[in-house]
Amino acid sequence: GAGVSQTPSNKVTEKGKYVELRCDPISGHTALYWYRQSLGQGPEFLIYFQGTGAADDSGLPNDRFFAVRPEGSVSTLKIQRTERGDSAMYLCASRDRADTEAFFGQGTRLTVV
Amino acid sequence: KQEVTQIPAALSVPEGENLVLNCSFTDSAIYNLQWFRQDPGKGLTSLLLIQSSQREQTSGRLNASLDKSSGRSTLYIAASQPGDSATYLCAVPSNTGKLIFGQGTTLQVKP
């Protein structure tokens, strides 16, 4: 595609529910990143994929968070037993190689009520 | 551990003024630095990528410089316009490849 696409753009869920956030990277980009951003803060790293494998998942806050990229393209961020503190903008980015420009999607605004 | 700092956190200027945004990083062993713009409630838009071998990169009214040895980058915006109002973020890659961001500078350009 022309850019990184994230769906849904907005998600409201009840506390304790399970949610999935989807990221479609730019075609051919092998690196894919997930970030979380709270209001007034810079993006906080969650996980980085190189191809199908997670090259760095050190940013996942706890075992309720999980992400997959089974075919090295689309990625899904999964959050179990959501908590109000999970409310944030979730951002996805992709790039071709580590030394090239990273491009971000428009984000998914998650609200846990 | 790489840390990225952006000062000031907020900046307000009158239209037409030239301005400089600052980004500093603690580990100078980087291979590039990227500047982004973020409008409220939106994703990040890439402005400039400057490689470690470069000292400057220009795009329109924007000019980014990089001084690896001092751990600093600046983003210069010429002849600012109200449409430039946004949050500006800089990011550097860690040794594992993830991008590490500063907290951003929120710019307001008053008409």
# chains A, B, ... in the order shown; residues from 1 in each chain; ligands from 1
call {"tool": "select_by_dssp", "arguments": {"residues": "chain A", "states": "strand (DSSP E or B)", "output": "PyMOL selection string"}}
result
chain A and resi 5-7+10-13+19-24+31-37+44-50+53-56+65-68+75-79+88-95+103-104+108-112
call {"tool": "residues_around", "arguments": {"residues": "region 4-16 of chain A", "least_positions_apart": "6", "cutoff": "7 Å", "atoms": "only C-alpha atoms", "output": "PyMOL selection string"}}
result
chain A and resi 22-26+81-84+93+103-113
call {"tool": "write_last_selection", "arguments": {"atoms": "N, CA and C atoms", "output": "short mmCIF file (atom, residue, chain, number, x, y, z; two decimals), in the first residue's frame"}}
result
data_model
loop_
_atom_site.label_atom_id
_atom_site.label_comp_id
_atom_site.auth_asym_id
_atom_site.auth_seq_id
_atom_site.Cartn_x
_atom_site.Cartn_y
_atom_site.Cartn_z
N ARG A 22 -4.70 -3.79 14.48
CA ARG A 22 -4.05 -4.30 13.27
C ARG A 22 -3.17 -3.24 12.62
N CYS A 23 -2.06 -3.69 12.06
CA CYS A 23 -1.15 -2.81 11.33
C CYS A 23 -0.78 -3.44 10.00
N ASP A 24 -1.03 -2.69 8.92
CA ASP A 24 -0.58 -3.08 7.58
C ASP A 24 0.60 -2.21 7.20
N PRO A 25 1.80 -2.76 7.16
CA PRO A 25 2.97 -1.92 6.86
C PRO A 25 3.05 -1.61 5.37
N ILE A 26 4.00 -0.77 5.03
CA ILE A 26 4.28 -0.50 3.63
C ILE A 26 4.80 -1.79 3.00
N ARG A 81 -7.57 -8.84 28.84
CA ARG A 81 -8.03 -8.31 30.13
C ARG A 81 -7.67 -6.83 30.25
N THR A 82 -8.16 -6.06 29.32
CA THR A 82 -7.79 -4.65 29.25
C THR A 82 -8.08 -3.92 30.57
N GLU A 83 -7.22 -2.95 30.84
CA GLU A 83 -7.35 -2.11 32.02
C GLU A 83 -7.46 -0.65 31.58
N ARG A 84 -7.98 0.20 32.45
CA ARG A 84 -8.14 1.61 32.08
C ARG A 84 -6.80 2.25 31.74
N ALA A 93 4.76 1.49 12.97
CA ALA A 93 5.67 2.04 11.98
C ALA A 93 6.35 0.91 11.23
N PHE A 103 8.24 5.02 8.69
CA PHE A 103 6.96 5.65 8.40
C PHE A 103 5.91 5.12 9.36
N PHE A 104 5.12 6.05 9.89
CA PHE A 104 4.10 5.70 10.86
C PHE A 104 2.71 5.72 10.25
N GLY A 105 1.84 4.90 10.84
CA GLY A 105 0.42 4.97 10.53
C GLY A 105 -0.24 6.07 11.34
N GLN A 106 -1.55 6.20 11.17
CA GLN A 106 -2.29 7.25 11.87
C GLN A 106 -2.69 6.84 13.29
N GLY A 107 -2.41 5.62 13.65
CA GLY A 107 -2.63 5.21 15.03
C GLY A 107 -4.02 4.67 15.29
N THR A 108 -4.14 3.93 16.37
CA THR A 108 -5.43 3.48 16.90
C THR A 108 -5.57 4.08 18.28
N ARG A 109 -6.63 4.86 18.46
CA ARG A 109 -6.91 5.42 19.79
C ARG A 109 -7.73 4.40 20.56
N LEU A 110 -7.13 3.82 21.60
CA LEU A 110 -7.82 2.83 22.44
C LEU A 110 -8.29 3.49 23.72
N THR A 111 -9.57 3.33 24.01
CA THR A 111 -10.14 3.83 25.25
C THR A 111 -10.78 2.67 26.00
N VAL A 112 -10.34 2.45 27.21
CA VAL A 112 -10.89 1.39 28.05
C VAL A 112 -11.76 2.05 29.12
N VAL A 113 -13.04 1.68 29.12
CA VAL A 113 -13.98 2.34 30.06
C VAL A 113 -14.43 1.37 31.16
#
call {"tool": "residues_around", "arguments": {"residues": "region 40-51 of chain B", "least_positions_apart": "5", "cutoff": "9 Å", "atoms": "only C-alpha atoms", "output": "ChimeraX atom specification"}}
result
/A:39,89,91-92,99-109 /B:30-35,56-59,62-66,86-87,89
call {"tool": "closest_residue", "arguments": {"among": "A:Gln41, A:Ile79, A:Tyr48, A:Leu32", "to": "Pro61 (chain A)", "atoms": "only C-alpha atoms"}}
result
A:Ile79
call {"tool": "closest_residue", "arguments": {"among": "B:Gly16, B:Phe36, B:Asp84, B:Arg61", "to": "chain A", "atoms": "only C-alpha atoms"}}
result
B:Phe36
call {"tool": "atom_distance", "arguments": {"atom1": "CA of Asn22 (chain B)", "atom2": "CA of Thr74 (chain B)"}}
result
4.7 Å
call {"tool": "atom_distance", "arguments": {"atom1": "CA of Lys17 (chain A)", "atom2": "CA of Asp56 (chain A)"}}
result
26.2 Å
call {"tool": "residues_around", "arguments": {"residues": "Gly53 (chain A)", "least_positions_apart": "3", "cutoff": "12 Å", "atoms": "only C-alpha atoms", "output": "list in words"}}
result
Thr30, Ala31, Leu32, Tyr33, Ile47, Tyr48, Phe49, Gln50, Asp56, Asp57, Ala67, Val68, Arg69, Pro70, Glu71, Gly72, Ser73 and Ser75 of chain A
call {"tool": "write_last_selection", "arguments": {"atoms": "N, CA and C atoms", "output": "tab-separated table (two decimals), in the first residue's frame"}}
result
chain	number	residue	atom	x	y	z
A	30	THR	N	10.53	-4.80	5.88
A	30	THR	CA	10.75	-5.96	6.73
A	30	THR	C	10.66	-5.63	8.21
A	31	ALA	N	10.94	-4.39	8.56
A	31	ALA	CA	10.91	-3.99	9.97
A	31	ALA	C	9.57	-3.35	10.32
A	32	LEU	N	9.00	-3.76	11.44
A	32	LEU	CA	7.72	-3.23	11.90
A	32	LEU	C	7.79	-2.98	13.40
A	33	TYR	N	7.28	-1.84	13.82
A	33	TYR	CA	7.37	-1.41	15.21
A	33	TYR	C	5.99	-1.09	15.75
A	47	ILE	N	7.31	-3.21	20.85
A	47	ILE	CA	7.89	-4.39	20.23
A	47	ILE	C	8.33	-4.06	18.81
A	48	TYR	N	9.36	-4.77	18.35
A	48	TYR	CA	9.93	-4.56	17.03
A	48	TYR	C	10.06	-5.92	16.35
A	49	PHE	N	9.53	-6.02	15.13
A	49	PHE	CA	9.64	-7.24	14.33
A	49	PHE	C	10.62	-7.02	13.20
A	50	GLN	N	11.44	-8.01	12.94
A	50	GLN	CA	12.24	-8.07	11.74
A	50	GLN	C	11.76	-9.33	11.01
A	56	ASP	N	12.91	-7.53	19.20
A	56	ASP	CA	13.02	-6.88	20.50
A	56	ASP	C	11.62	-6.69	21.05
A	57	ASP	N	11.28	-7.39	22.10
A	57	ASP	CA	9.95	-7.24	22.72
A	57	ASP	C	10.08	-6.69	24.14
A	67	ALA	N	2.04	-9.65	20.51
A	67	ALA	CA	1.95	-9.22	19.12
A	67	ALA	C	2.47	-10.32	18.22
A	68	VAL	N	1.89	-10.40	17.03
A	68	VAL	CA	2.31	-11.42	16.07
A	68	VAL	C	2.46	-10.78	14.69
A	69	ARG	N	3.25	-11.46	13.88
A	69	ARG	CA	3.43	-11.04	12.47
A	69	ARG	C	3.73	-12.32	11.67
A	70	PRO	N	2.73	-13.17	11.54
A	70	PRO	CA	2.94	-14.54	11.07
A	70	PRO	C	3.53	-14.68	9.67
A	71	GLU	N	3.23	-13.75	8.76
A	71	GLU	CA	3.74	-13.87	7.40
A	71	GLU	C	4.72	-12.76	7.05
A	72	GLY	N	5.17	-12.04	8.05
A	72	GLY	CA	6.15	-11.00	7.81
A	72	GLY	C	5.60	-9.74	7.18
A	73	SER	N	4.27	-9.63	7.21
A	73	SER	CA	3.65	-8.41	6.67
A	73	SER	C	2.75	-7.80	7.73
A	75	SER	N	0.68	-7.11	11.03
A	75	SER	CA	0.93	-7.44	12.43
A	75	SER	C	-0.33	-7.13	13.25
